[in-house]
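Data block below; observations after.
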Amino acid sequence: MTHTLIVFHSGTGSTAQLAEAARQGAAEIGTASLLRINGADIVDGRWRNESLLAELDEADAVLFGTPTYMGGPSAQFKAFADATGGRWERQALAGKLAGGFTIGSSLNGDQLQTLHYLSILASQHGMLWCNLAVTPGRDPLGRNPLGTQLGVTAQNVEGRVADAYIETARYLGRRIARMASRYEAAVNVEETV
Ligand SMILES: Cc1cc2nc3c(=O)[nH]c(=O)nc-3n(C[C@H](O)[C@H](O)[C@H](O)COP(=O)(O)O)c2cc1C
């Protein structure tokens, strides 16, 4: 069964709301779990928690989530990303699916820059990027209201995350899990012929 891991950092809880929605969406297709990045695991600027890193190896699909801080991922998320360097050397995550989500207090807030970073991180690992296939303004559920096709962007308004963003995150979780299960099935067929 396809397993989706949602790896995220959240300081005040709004990214965590998106992460939980993505987990619920992925769990409609397969198994799904959350891996929350804690700043306490950063020692001398380096994120150290090998047992949590090992969860990446077990996943078929990984969603990366971080708040946008100063036009990019949070320092806590970046420290985690740097800690995946050993896996980059071995290309241990190559072929897994990846996607991303972020949130800011501004409607734009340079959040696309954060998604660019997350997609580059996935590419460094040889992962396959899963985007959104929702036409903004024409979706009956109002998903992808900011019209970001690369992943989920959202606005935190005084601690509240509007339903449209939550539903977009839920959809991305479901979409990446569905894609991973189809991909897994195709690879299995290939291996048996
Ligand atoms: C250091 C710092 C930098 C931030 N930079 C941005 C930014 O560049 N763009 C933006 O829209 N919001 C920015 N914000 C606001 C956060 O992204 C926003 O509050 C977000 O919802 C926090 O996510 P969290 O609740 O998961 O911690 C910044 C917040 C902090 C603390």
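Ordering of the structure tokens sets the chain letters (A, B, ...), residue numbers begin anew at 1 in every chain, and ligands are numbered from 1 in the order given.
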Next item on the list: Using only C-alpha atoms and all ligand atoms, find each residue with an atom at most 8 Å away from ligand 1 and format the answer as a ChimeraX atom specification.
Entry: /A:9-17,66-72,74,102-111,155-157,159
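The neighbours of segment 139-154 of chain A here are the residues that come within 7 Å of it, using only C-alpha atoms and leaving out any residue fewer than 6 positions away in the same chain; they are Gly99, Gly100, Phe101, Thr102, Ile103, Gly104, Gln111, Leu115, Asn131, Leu132, Ala133, Ala164, Tyr165, Glu167, Thr168 and Ala169 of chain A.
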Note to self: Can you measure atom CA of Gly25 of chain A to atom CA of Leu93 of chain A for me? One decimal in Å is fine.
What the structure shows: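 Here the two named atoms are 22.3 Å from each other.
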Item checked: Counting only C-alpha atoms, the residue of A:His116, A:His125, A:Lys78, A:Arg178 that sits nearest Gly95 of chain A -> A:His125
Name all residues at most 7 Å from Ala177 of chain A (count only C-alpha atoms; drop same-chain ones fewer than 4 positions away) and give them as a CSV table (one decimal) with C-alpha atoms, in the first residue's frame.
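Final file, result.csv:
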```csv
chain,number,residue,atom,x,y,z
A,2,THR,CA,1.2,3.5,-0.9
A,4,THR,CA,2.8,9.2,2.0
A,26,ALA,CA,-3.4,11.0,1.4
A,29,ILE,CA,-5.8,6.4,-0.8
A,30,GLY,CA,-3.1,4.7,1.3
A,61,ALA,CA,5.6,10.0,-1.6
A,173,GLY,CA,-2.4,14.8,-0.3
A,181,SER,CA,-0.1,4.2,-6.1
```
Checklist line | Atomic distance atom CA of Pro73 of chain A - atom CA of Met179 of chain A, expressed in Å with one decimal | finding: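 Between these atoms lies a distance of 25.5 Å.
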Next item on the list: Identify all residues of segment 8-171 of chain A in helix (DSSP H, G or I) (DSSP on the backbone) and supply them as a ChimeraX atom specification.
Entry: /A:14-27,39-41,50-58,75-83,85-90,111-124,163-171
Closest atom pairs, segment 93-166 of chain A residues within 12 Å of segment 82-87 of chain A, only C-alpha atoms, as JSON lines:
```
{"residue": "A:Leu93", "atom": "CA", "partner": "A:Arg87", "partner_atom": "CA", "distance": 6.7}
{"residue": "A:Ala94", "atom": "CA", "partner": "A:Arg87", "partner_atom": "CA", "distance": 9.3}
{"residue": "A:Leu121", "atom": "CA", "partner": "A:Asp82", "partner_atom": "CA", "distance": 9.5}
{"residue": "A:Ala122", "atom": "CA", "partner": "A:Thr84", "partner_atom": "CA", "distance": 10.7}
{"residue": "A:Gln124", "atom": "CA", "partner": "A:Gly85", "partner_atom": "CA", "distance": 9.4}
{"residue": "A:His125", "atom": "CA", "partner": "A:Arg87", "partner_atom": "CA", "distance": 7.7}
{"residue": "A:Gly126", "atom": "CA", "partner": "A:Arg87", "partner_atom": "CA", "distance": 10.6}
{"residue": "A:Met127", "atom": "CA", "partner": "A:Arg87", "partner_atom": "CA", "distance": 11.8}
```
Next item on the list: Considering only C-alpha atoms, return as a ChimeraX atom specification whatever protein or nucleic-acid residues lie within 9 Å of Glu20 of chain A, sequence-local ones (same chain, fewer than 6 positions apart) excluded.
Entry: /A:6,33-34,166,169-170
Notebook entry, point to check: Taking into account only C-alpha atoms, which residue in the set A:Ala180, A:Met1, A:Leu118, A:Leu128 is nearest to Ala81 of chain A?
Noted result: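 Distance minimum relative to Ala81 of chain A lands on A:Leu118.
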Notebook entry, point to check: Of the residues A:Gln113, A:Asn38, A:Asn49, A:Thr31, which is the one nearest to Gln76 of chain A, using only C-alpha atoms?
Noted result: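 Result for the nearest residue to Gln76 of chain A: A:Asn38.
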